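Engineer: Dumping the structure here so I can ask a few things about it.
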8 protein chains.
Amino acid sequence: MNKERLQELLNQIAEGKVTPEEALNRIQILPYEDLGFARIDHHRGIRDIFPEVIFCPGKSPVQVAILVERMSLAGSNVLATRADVEVYGAVSSRVPEAEFHPAARMVTVVKNRPVWCGTVAVITAGTSDISVAEEAAVSLEIMGAEVRRIYDVGVAGLHRLLDKIDDMNQAQVLVVVAGMEGALASVVGGLTARPVIAVPTSIGYGANFGGLSALLSMLNTCAPGVGVVNIDNGYGAAALAFAILKSSNNE
Amino acid sequence: MNKERLQELLNQIAEGKVTPEEALNRIQILPYEDLGFARIDHHRGIRDIFPEVIFCPGKSPVQVAILVERMSLAGSNVLATRADVEVYGAVSSRVPEAEFHPAARMVTVVKNRPVWCGTVAVITAGTSDISVAEEAAVSLEIMGAEVRRIYDVGVAGLHRLLDKIDDMNQAQVLVVVAGMEGALASVVGGLTARPVIAVPTSIGYGANFGGLSALLSMLNTCAPGVGVVNIDNGYGAAALAFAILKSSNNE
Amino acid sequence: MNKERLQELLNQIAEGKVTPEEALNRIQILPYEDLGFARIDHHRGIRDIFPEVIFCPGKSPVQVAILVERMSLAGSNVLATRADVEVYGAVSSRVPEAEFHPAARMVTVVKNRPVWCGTVAVITAGTSDISVAEEAAVSLEIMGAEVRRIYDVGVAGLHRLLDKIDDMNQAQVLVVVAGMEGALASVVGGLTARPVIAVPTSIGYGANFGGLSALLSMLNTCAPGVGVVNIDNGYGAAALAFAILKSSNNE
Amino acid sequence: MNKERLQELLNQIAEGKVTPEEALNRIQILPYEDLGFARIDHHRGIRDIFPEVIFCPGKSPVQVAILVERMSLAGSNVLATRADVEVYGAVSSRVPEAEFHPAARMVTVVKNRPVWCGTVAVITAGTSDISVAEEAAVSLEIMGAEVRRIYDVGVAGLHRLLDKIDDMNQAQVLVVVAGMEGALASVVGGLTARPVIAVPTSIGYGANFGGLSALLSMLNTCAPGVGVVNIDNGYGAAALAFAILKSSNNE
Amino acid sequence: MNKERLQELLNQIAEGKVTPEEALNRIQILPYEDLGFARIDHHRGIRDIFPEVIFCPGKSPVQVAILVERMSLAGSNVLATRADVEVYGAVSSRVPEAEFHPAARMVTVVKNRPVWCGTVAVITAGTSDISVAEEAAVSLEIMGAEVRRIYDVGVAGLHRLLDKIDDMNQAQVLVVVAGMEGALASVVGGLTARPVIAVPTSIGYGANFGGLSALLSMLNTCAPGVGVVNIDNGYGAAALAFAILKSSNNE
Amino acid sequence: MNKERLQELLNQIAEGKVTPEEALNRIQILPYEDLGFARIDHHRGIRDIFPEVIFCPGKSPVQVAILVERMSLAGSNVLATRADVEVYGAVSSRVPEAEFHPAARMVTVVKNRPVWCGTVAVITAGTSDISVAEEAAVSLEIMGAEVRRIYDVGVAGLHRLLDKIDDMNQAQVLVVVAGMEGALASVVGGLTARPVIAVPTSIGYGANFGGLSALLSMLNTCAPGVGVVNIDNGYGAAALAFAILKSSNNE
Amino acid sequence: MNKERLQELLNQIAEGKVTPEEALNRIQILPYEDLGFARIDHHRGIRDIFPEVIFCPGKSPVQVAILVERMSLAGSNVLATRADVEVYGAVSSRVPEAEFHPAARMVTVVKNRPVWCGTVAVITAGTSDISVAEEAAVSLEIMGAEVRRIYDVGVAGLHRLLDKIDDMNQAQVLVVVAGMEGALASVVGGLTARPVIAVPTSIGYGANFGGLSALLSMLNTCAPGVGVVNIDNGYGAAALAFAILKSSNNE
Amino acid sequence: MNKERLQELLNQIAEGKVTPEEALNRIQILPYEDLGFARIDHHRGIRDIFPEVIFCPGKSPVQVAILVERMSLAGSNVLATRADVEVYGAVSSRVPEAEFHPAARMVTVVKNRPVWCGTVAVITAGTSDISVAEEAAVSLEIMGAEVRRIYDVGVAGLHRLLDKIDDMNQAQVLVVVAGMEGALASVVGGLTARPVIAVPTSIGYGANFGGLSALLSMLNTCAPGVGVVNIDNGYGAAALAFAILKSSNNE
């Protein structure tokens with residue numbers, strides 16, 4: 001509720017068209033809009049298709065199931081990340097339409113068919129990075145993005161990557177998932193003009209330090225147009241990619 | 001050069017329409033395109049408006065000046081980052097149209113008026129972050145973006161920030177520049193559905209550890225839709241924001 | 001025992017009012033007080049209500065049970081932190097009035113009803129932080145503080161937090177418990193003039209580094225009036241909050 | 001403006017007692033209070049005596065001088081931290097009543113005599129920690145606290161510290177400033193029931209790592225009732241101590 | 001396919017000796033060679049004897065078995081590192097000739113007897129380092145290197161090491177595997193003119209930090225001629241040693 | 001074998017008193033002594049009483065048992081550190097006189113009654129540090145030192161420590177074992193003129209970082225006369241204390 | 001003053017042999033000794049020869065000069081560490097007998113000729129470590145130790161070190177000063193049974209990280225009998241070596 | 001001097017062909033060879049052409065000059081690294097034939113023309129890495145290697161690198177010098193079968209952490225055949241490359 005609409009509402013009280021109680025209700029129930037907090041409207045606007053997200057670690061399967069049930073009853077699409085088959089069992093007993101995505105370690109509930117909002121390429125350096133990549137890919141699909149999976153094109157075998165450049169450039173956003181030294185983000189960043197979202201993974205050993213190596217690589221990339229999310233944060237990459245697609249559509 | 005074009009070229013040799021030497025030349029001289037490396041075309045496509053960038057530290061003023069001169073003679077817009085007045089002096093003696101932006105510590109040369117490609121809000125937590133923010137803002141302007149500067153709206157005085165939400169949401173991309181604990185990125189990320197590019201700065205003291213505090217904060221943000229670039233990397237944020245805008249325009 | 005009282009005691013010996021043996025006893029039995037170590041008195045003064053604390057990890061259930069028994073026999077209120085149901089079983093077989101607080105992972109024994117000493121708001125960013133928050137809350141309650149629990153008001157949904165500002169300001173001390181990027185401490189610190197005790201938690205993933213991210217955020221906060229305790233140290237926050245309340249009461 | 005006051009205002013419009021324009025003004029001009037953001041009132045309430053603070057590094061002497069002038073013209077007490085004599089020169093030419101505190105590296109302007117709000121002991125381990133301690137002490141004095149300076153009582157000469165326990169306990173809050181291994185915070189914390197604010201300093205060498213050693217020590221203290229602020233952050237300690245004193249006074 | 005060969009092929013089309021389709025096939029199937037990427041040839045040249053490598057962690061025994069089967073069917077020698085007896089079981093049911101090396105935690109399949117390419121000494125500081133050393137040794141043997149195992153010659157008993165110097169110098173490359181403080185690499189480096197490949201291990205405790213101590217030691221060695229691979233990366237050391245041997249043979 | 005003795009030997013060959021073969025043997029068989037490596041003799045001299053040490057982690061119980069058997073057959077006293085009851089079972093079946101020390105997690109075999117060589121005080125901050133302290137204490141006893149155990153005298157209850165100062169000063173060396181903030185080493189170092197060996201332990205939580213906090217504290221101690229060994233390295237402290245005692249005895 | 005002596009004193013008051021005032025004085029003036037804090041006596045006992053130490057960084061030359069003057073007037077030997085020629089100038093104008101040791105960066109004043117208390121070998125890996133080694137050596141000489149300097153015997157040239165073993169073993173304590181990878185401490189520790197005090201230095205470059213590399217090496221040494229002091233802390237090594245010598249002499 | 005030669009020498013004494021004094025001299029002057037320490041011979045063998053190296057930081061220009069003079073008088077080739085023009089001035093006044101290499105920051109003296117021993121490609125990612133690369137290149141040239149400089153072929157512009165693959169493969173060893181994210185080492189490692197020596201540089205900013213980013217990248221490389229030396233250690237890379245070349249030549 002911006003200034004104009006507030007002015008109008010107050011006028012309507014003065015004119016007797018709206019009772020003070022009714023006006024209070026409209027101001028009070030959505031209090032922040034009354035001050036013109038357009039983000040709420042906007043947020044809500046996108047929430048119809050944006051899934052609610054539950055991070056499972058630290059929650060019991062039953063707790064996750066209750067949350068999924070409540071959210072899906074409210075009409076939201078739901079994503080539960082880092083879920084295992086036990087969580088899925090608990091969820092599906094309450095929300096039978098829930099689906100399990102083992103590679104992505106996710107449980108999803110789709111209440112509203114998302115509208116197509118663009119194409120994202122999800123690219124991995126190795127096969128071990130696929131779990132994180134699938135978290136991004138499944139999240140993006142439930143948000144409404146088309147996903148092109150381009151897996152196992154790490155820089156140690158550069159020709160595999162070069163063969164896929166056309167595919168990459170047909171997406172509007174590239175999500176690059178890589179562990180070890182994370183060099184793939186820089187190489188992809190140098191090969192494309194598209195925005196690149198780099199996801200370091202904790203894949204590796206020795207002085208990988210739980211993903212620190214790939215994280216620092218990606219932050220220090222010599223290629224322009226690369227943004228980094230947290231280690232192993234496939235969902236985070238999806239959320240940023242989705243925000244970019246929506247912004248492109250002027251939503 | 002994709003399969004079809006290569007087939008055609010070979011047919012033309014067989015048909016005597018193209019000599020082997022000429023064919024060799026077309027395959028050999030631009031070898032990467034010949035294999036369909038569309039990125040090259042694409043890259044070139046955007047390079048008309050994308051500035052060449054020079055990172056000044058470690059280069060003498062004269063070296064910077066020569067680079068700027070060569071690039072501007074080649075018709076590129078040029079950005080020199082982390083430049084001081086001494087660098088500007090050396091550059092302007094060779095490239096008189098060069099401009100100096102003291103707050104951004106940049107020297108720029110504009111050879112081609114960039115075409116408008118969208119709006120970016122550049123937001124800072126404090127006044128000390130403005131130098132990095134200006135590096136982003138000036139870079140974006142030379143790339144063709146309209147920039148809304150929203151400075152000094154850190155979370156310690158939340159009402160200053162809340163007043164600016166509408167302004168923020170009118171941009172397609174938000175660049176959030178913050179040092180110390182870097183909380184602004186999370187708060188802005190929670191208030192908007194736009195993609196947020198977070199730039200940690202080395203502003204702060206004590207256990208700030210040269211920007212590590214803000215960097216970790218931003219990577220661990222609880223808000224969706226946030227990508228992080230390197231500490232103090234204003235230019236990097238601009239390049240990513242620009243890639244998002246261009247991607248939105250399907251360029 | 002300060003200089004004046006010691007002078008007086010020595011005079012009394014000289015005057016024959018006190019035998020040397022009796023004087024020796026008074027100096028010797030509480031030797032540090034004899035030198036004016038008022039802290040002992042003071043400490044004792046508050047100990048009547050301050051619980052004895054046992055950190056369970058690294059101790060066997062039986063060891064914990066013996067400690068609890070000995071302390072409660074001595075008339076102290078007892079807190080055992082990081083306790084599980086097995087520890088509780090061992091304790092309750094020896095101290096039947098012991099209570100188990102599963103969310104706080106604590107076992108408590110209340111021998112003396114604590115006197116009311118003030119109000120503390122315990123605030124969490126997310127639901128995963130509640131375990132640490134409950135350690136603080138239960139500790140505070142056994143010390144005599146009234147606790148207002150304000151949970152799941154993280155900065156990604158700022159309106160939830162803004163709705164609770166009045167509640168917060170009615171407490172004398174605020175304990176803010178947050179993992180991930182820990183931004184809640186700064187935002188709360190900016191919204192209140194009360195002392196804020198920030199408790200980073202190890203909740204998060206990726207480059208959270210076991211709570212380091214939230215810890216650095218809180219130490220580097222741009223908001224005034226914030227003190228930080230160790231990662232996941234709910235009890236530590238309670239002890240500091242209690243010291244503040246007692247100090248306010250001039251005890 | 002809470003629900004009742006908003007209801008009343010809307011009723012007054014309906015009754016014609018207040019014009020819609022006037023109502024809009026009252027809702028719009030002070031928007032946050034209208035939603036009951038009591039913090040604003042509260043904040044303002046304490047601001048009369050709470051100094052405005054300027055962190056000098058990264059600002060030119062002239063910039064600092066302008067900020068000091070503007071703030072003092074607005075009637076605020078002003079603190080400029082990390083100031084040197086050059087900054088003082090620039091400030092005093094605009095604000096002649098400004099004072100320089102070389103040991104604290106601060107410039108202050110007192111426009112309103114602060115009211116007494118309590119006593120704080122500021123304690124250092126060594127003489128090299130005094131600069132940080134003075135930043136805390138001078139800040140506290142301008143806020144209205146009485147300060148007891150107890151300097152150079154590090155744990156390597158424990159008897160010096162033990163002699164001062166009475167002095168410490170007469171303060172309501174203790175600020176302990178220590179570098180190197182920072183053990184003083186734990187020892188003082190064990191000797192008092194008062195809240196202890198620990199300030200690690202960057203004093204030391206070798207594996208001190210710029211204060212990290214003292215910081216970790218203080219965070220891991222085995223003594224209860226200790227909160228930690230950032231390395232070398234004397235002002236931060238003062239702000240927290242002041243918040244505690246104010247909270248005690250139920251302000 | 002270098003320039004000369006491409007010229008010749010194109011000439012053959014012109015001369016009608018090769019059809020365009022056939023030429024397309026030869027250019028297309030091995031596209032990179034057509035541009036003279038000699039590395040492919042070279043790579044292939046060495047691949048006849050260079051084993052394919054599978055890093056087992058994060059893959060199920062069945063997945064590993066399928067990979068081993070596919071690779072060995074393709075005629076490659078295969079190394080699976082970090083394998084346990086369960087992995088071996090799965091592999092041997094599909095590839096009966098697979099061998100298990102428990103000390104090295106490896107499964108190998110030899111399809112082509114490697115040709116002798118030189119001698120490598122694999123040296124360990126302690127017995128706990130042998131597992132990593134065996135990963136290097138078994139890898140080297142399948143590549144065609146002769147391996148001299150010199151184990152448990154750490155610097156705390158220097159005479160054991162000095163007795164082995166002749167043995168060491170008869171190898172062309174030395175692989176030094178050491179945990180704890182990793183001093184052996186420096187001492188060996190000082191005793192030989194051979195290239196030394198240092199492998200830090202995660203053996204140790206306390207401030208060993210998972211091998212960081214040995215890693216930093218080896219990187220900071222005062223001895224010339226030492227290169228370092230990742231912590232516990234026995235295979236990596238073998239691959240580098242093998243590259244050195246091959247390079248010596250001008251292959 | 002120093003210059004004089006070598007000269008003499010060569011003269012004896014020239015004089016025919018020693019055959020070349022015999023001389024070769026004397027130079028060759030004990031090569032290090034021939035060059036005057038007195039350390040070998042010296043080392044041997046102390047080895048009669050110095051135990052052989054086996055670090056159990058990473059070795060199977062049977063492997064440990066074989067090592068213990070071999071060493072004890074050779075007449076050495078043997079220490080196996082970080083041993084559990086399973087290791088003890090395996091050892092005792094081969095070496096029945098082996099003893100198990102559960103608190104120290106050690107298995108010992110005493111073949112030679114050690115001669116008394118001095119007194120060491122082993123001091124802990126808390127009860128959780130006792131396991132590491134016992135590793136030091138049991139090791140020292142088998143080496144021949146008398147051990148005074150002074151446990152649970154952490155700095156949070158300073159009077160407990162002050163009561164023990166006399167006890168401490170009657171030892172020639174003090175071993176201080178402390179986790180958390182490790183302040184005890186500094187306080188003890190300030191109270192005594194004896195050499196202090198500080199052992200940081202990994203006891204603690206939060207930002208303890210596996211003992212890093214105590215380690216840095218001890219390295220940065222403001223007290224003179226403190227040397228630090230690795231985290232949790234009780235045996236290492238014992239070995240250093242023993243070396244000091246032996247050196248005092250001019251052995 | 002232990003229990004017996006206190007009893008006697010109180011009896012003397014009762015008997016009129018001592019006035020209360022006199023008794024008060026004896027208890028009050030040296031309060032800690034009265035309770036039997038023998039450390040004070042002991043400390044004082046050694047202080048006659050133990051120098052007072054001033055750490056110069058962070059103090060002005062005049063401040064250092066005043067401290068040196070006051071301490072030397074009190075009859076103490078004085079050490080000022082990290083002093084430069086400017087400090088020396090200020091000191092010598094007040095204390096003409098002060099001496100400057102440029103290699104050690106120290107100023108010393110000898111008021112009491114120290115009594116010989118033993119021999120310490122100070123050993124360096126390289127020439128760049130000599131400054132730290134001299135800080136140890138000069139400190140030890142003023143304390144009364146004889147110092148054998150054995151410089152530049154790093155492990156990259158092992159024969160230089162082996163030639164010096166006899167020299168080393170004639171000292172009672174070895175101080176090993178090394179930067180880079182710090183391997184010398186382990187090698188020396190393996191060659192001697194003497195207590196070894198390891199001093200990591202910040203000498204090196206790259207991933208030396210200001211001495212962290214050598215520090216971790218020394219803490220993780222595989223050799224027994226090694227204690228570590230802080231990076232570059234030559235004085236700290238001297239103080240520990242001196243404590244060992246004194247302890248050996250049963251002082 | 002191996003066993004056979006020692007036997008022969010002793011026989012010659014017995015036969016009177018060699019006097020004991022002469023034999024002593026031969027054994028004594030080169031004492032380690034007498035015991036068969038072949039490394040000495042070998043070392044010496046290569047020393048004829050291997051330069052003596054002086055690391056200038058921490059040494060005065062005069063000290064460096066004296067060292068260079070002494071070494072060159074002894075007939076060695078000399079390398080002084082991290083030298084500036086002031087150092088060169090001091091050196092050239094004593095050793096006029098000394099040469100200065102500003103880009104490499106080195107001073108060299110060539111006394112013996114080195115014999116050709118192979119080819120090394122020195123490759124950099126950016127122009128800022130050239131200083132470190134030149135340290136490697138100039139060192140290699142004085143050792144006798146032919147150097148191919150391939151500069152500024154970072155992965156952000158991959159086609160520049162792909163054009164140089166043939167050049168790279170004509171070298172026997174590749175030295176890859178890269179800062180920022182250091183991805184070049186992985187990409188080159190994937191493109192070649194030659195041994196790759198990776199040199200991380202401290203070039204970069206933000207979370208580069210003085211070269212840590214590139215260092216971790218290179219250690220975690222997914223490409224086989226890569227060894228890493230210390231940050232900015234161009235000389236170290238040269239020494240390893242040279243050892244590889246010499247080993248190839250069976251020297």
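Letters A, B, ... go to the chains of the structure tokens in the order shown; residues in each chain start at 1; ligands are counted from 1 in the same order.
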Would you mind listing, as a JSON list (two decimals) with C-alpha atoms, in the first residue's frame, all residues of chain E that have at least one atom within 8 Å of chain F, where only C-alpha atoms are what counts?

Structural biologist:
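Written file, selection39.json:
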```
[["chain", "number", "residue", "atom", "x", "y", "z"],
["E", 128, "SER", "CA", 51.98, -44.85, 9.63],
["E", 159, "HIS", "CA", 71.46, -42.73, 11.01],
["E", 205, "TYR", "CA", 47.80, -35.28, 16.16],
["E", 206, "GLY", "CA", 47.20, -32.04, 17.95],
["E", 207, "ALA", "CA", 48.25, -29.04, 15.91]]
```

Engineer: If we count only C-alpha atoms, what is near region 117-125 of chain C at a cut-off of 7 Å, once residues fewer than 4 positions away on the same chain are taken out, given as number ranges by chain?

Structural biologist: C: 129-130, 133, 137, 144-154, 168, 171-178, 184, 245-246

Engineer: Selected residues, N, CA and C atoms, written as a short mmCIF file (atom, residue, chain, number, x, y, z; two decimals), in the first residue's frame, please.

Structural biologist:
```
data_model
loop_
_atom_site.label_atom_id
_atom_site.label_comp_id
_atom_site.auth_asym_id
_atom_site.auth_seq_id
_atom_site.Cartn_x
_atom_site.Cartn_y
_atom_site.Cartn_z
N ASP C 129 18.45 -22.99 15.94
CA ASP C 129 19.22 -22.37 17.02
C ASP C 129 18.56 -22.55 18.38
N ILE C 130 17.39 -23.18 18.39
CA ILE C 130 16.60 -23.22 19.63
C ILE C 130 17.29 -24.04 20.71
N ALA C 133 19.53 -21.81 22.45
CA ALA C 133 18.74 -20.80 23.14
C ALA C 133 18.10 -21.37 24.41
N ALA C 137 18.04 -20.22 28.19
CA ALA C 137 16.77 -19.90 28.85
C ALA C 137 16.59 -20.70 30.13
N GLY C 144 16.93 -17.34 38.32
CA GLY C 144 15.96 -16.39 38.86
C GLY C 144 15.48 -15.36 37.86
N ALA C 145 15.91 -15.48 36.61
CA ALA C 145 15.46 -14.51 35.62
C ALA C 145 14.16 -14.98 34.97
N GLU C 146 13.34 -14.03 34.61
CA GLU C 146 12.19 -14.31 33.77
C GLU C 146 12.67 -14.30 32.33
N VAL C 147 12.24 -15.27 31.54
CA VAL C 147 12.73 -15.37 30.17
C VAL C 147 11.59 -15.18 29.17
N ARG C 148 11.80 -14.31 28.21
CA ARG C 148 10.88 -14.19 27.07
C ARG C 148 11.53 -14.84 25.87
N ARG C 149 10.90 -15.89 25.39
CA ARG C 149 11.46 -16.59 24.23
C ARG C 149 10.88 -15.99 22.94
N ILE C 150 11.73 -15.50 22.10
CA ILE C 150 11.32 -14.92 20.81
C ILE C 150 12.13 -15.67 19.75
N TYR C 151 11.50 -16.71 19.19
CA TYR C 151 12.27 -17.62 18.34
C TYR C 151 11.89 -17.46 16.87
N ASP C 152 12.87 -17.72 16.01
CA ASP C 152 12.67 -17.78 14.56
C ASP C 152 12.30 -16.42 13.98
N VAL C 153 13.08 -15.44 14.31
CA VAL C 153 12.85 -14.09 13.78
C VAL C 153 14.07 -13.59 13.00
N GLY C 154 14.66 -14.48 12.20
CA GLY C 154 15.87 -14.16 11.45
C GLY C 154 15.65 -13.04 10.45
N MET C 168 10.98 -7.13 23.01
CA MET C 168 12.41 -7.12 23.33
C MET C 168 12.75 -6.03 24.33
N ALA C 171 12.56 -6.36 28.11
CA ALA C 171 13.59 -7.10 28.85
C ALA C 171 14.75 -6.16 29.17
N GLN C 172 15.52 -6.52 30.20
CA GLN C 172 16.68 -5.68 30.52
C GLN C 172 17.92 -6.09 29.75
N VAL C 173 17.94 -7.35 29.35
CA VAL C 173 19.08 -7.87 28.59
C VAL C 173 18.52 -8.71 27.46
N LEU C 174 19.16 -8.63 26.29
CA LEU C 174 18.75 -9.45 25.15
C LEU C 174 19.85 -10.46 24.84
N VAL C 175 19.47 -11.72 24.73
CA VAL C 175 20.39 -12.76 24.28
C VAL C 175 19.97 -13.13 22.86
N VAL C 176 20.87 -12.92 21.90
CA VAL C 176 20.56 -13.19 20.50
C VAL C 176 21.36 -14.41 20.04
N VAL C 177 20.66 -15.44 19.64
CA VAL C 177 21.27 -16.70 19.27
C VAL C 177 21.09 -16.89 17.76
N ALA C 178 22.20 -16.97 17.02
CA ALA C 178 22.07 -17.08 15.56
C ALA C 178 23.25 -17.81 14.97
N LEU C 184 21.53 -11.39 12.77
CA LEU C 184 20.48 -10.96 13.69
C LEU C 184 21.03 -10.11 14.84
N LEU C 245 22.11 -8.58 35.37
CA LEU C 245 20.90 -8.34 36.19
C LEU C 245 21.30 -8.11 37.65
N LYS C 246 22.20 -8.95 38.16
CA LYS C 246 22.62 -8.81 39.56
C LYS C 246 23.33 -7.49 39.77
#
```

Engineer: Taking only C-alpha atoms into account, which of C:Ala156, C:Ile197, C:Ile165, C:Ala80 comes nearest Met180 (chain C)?

Structural biologist: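 When distances to Met180 (chain C) are compared using only C-alpha atoms, the smallest one comes from C:Ala156.
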
Engineer: Please provide the set of residues having any atom within 9 Å of Glu52 (chain G), restricted to only C-alpha atoms, with same-chain residues fewer than 6 positions apart removed, written as number ranges by chain.

Structural biologist: G: 68, 71-72, 76-80

Engineer: Using only C-alpha atoms, pick whichever of B:Cys222, B:Ala103, B:Val228, B:Ala14 has the shortest atom-to-atom distance to Leu158 (chain C).

Structural biologist: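 Distance minimum relative to Leu158 (chain C) lands on B:Cys222.
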
Engineer: Residual C-alpha RMSD for chain E onto chain D, least squares, all atoms in order?

Structural biologist: 0.9 Å

Engineer: Just list the residues in region 4-245 of chain D DSSP gives strand (DSSP E) on the backbone, as JSON, numbers by chain.

Structural biologist: {"D": [52, 53, 54, 55, 78, 79, 80, 81, 99, 100, 101, 106, 107, 108, 109, 118, 119, 120, 121, 122, 123, 124, 145, 146, 147, 148, 149, 150, 173, 174, 175, 176, 177, 178, 196, 197, 198, 199, 200, 226, 227, 228]}
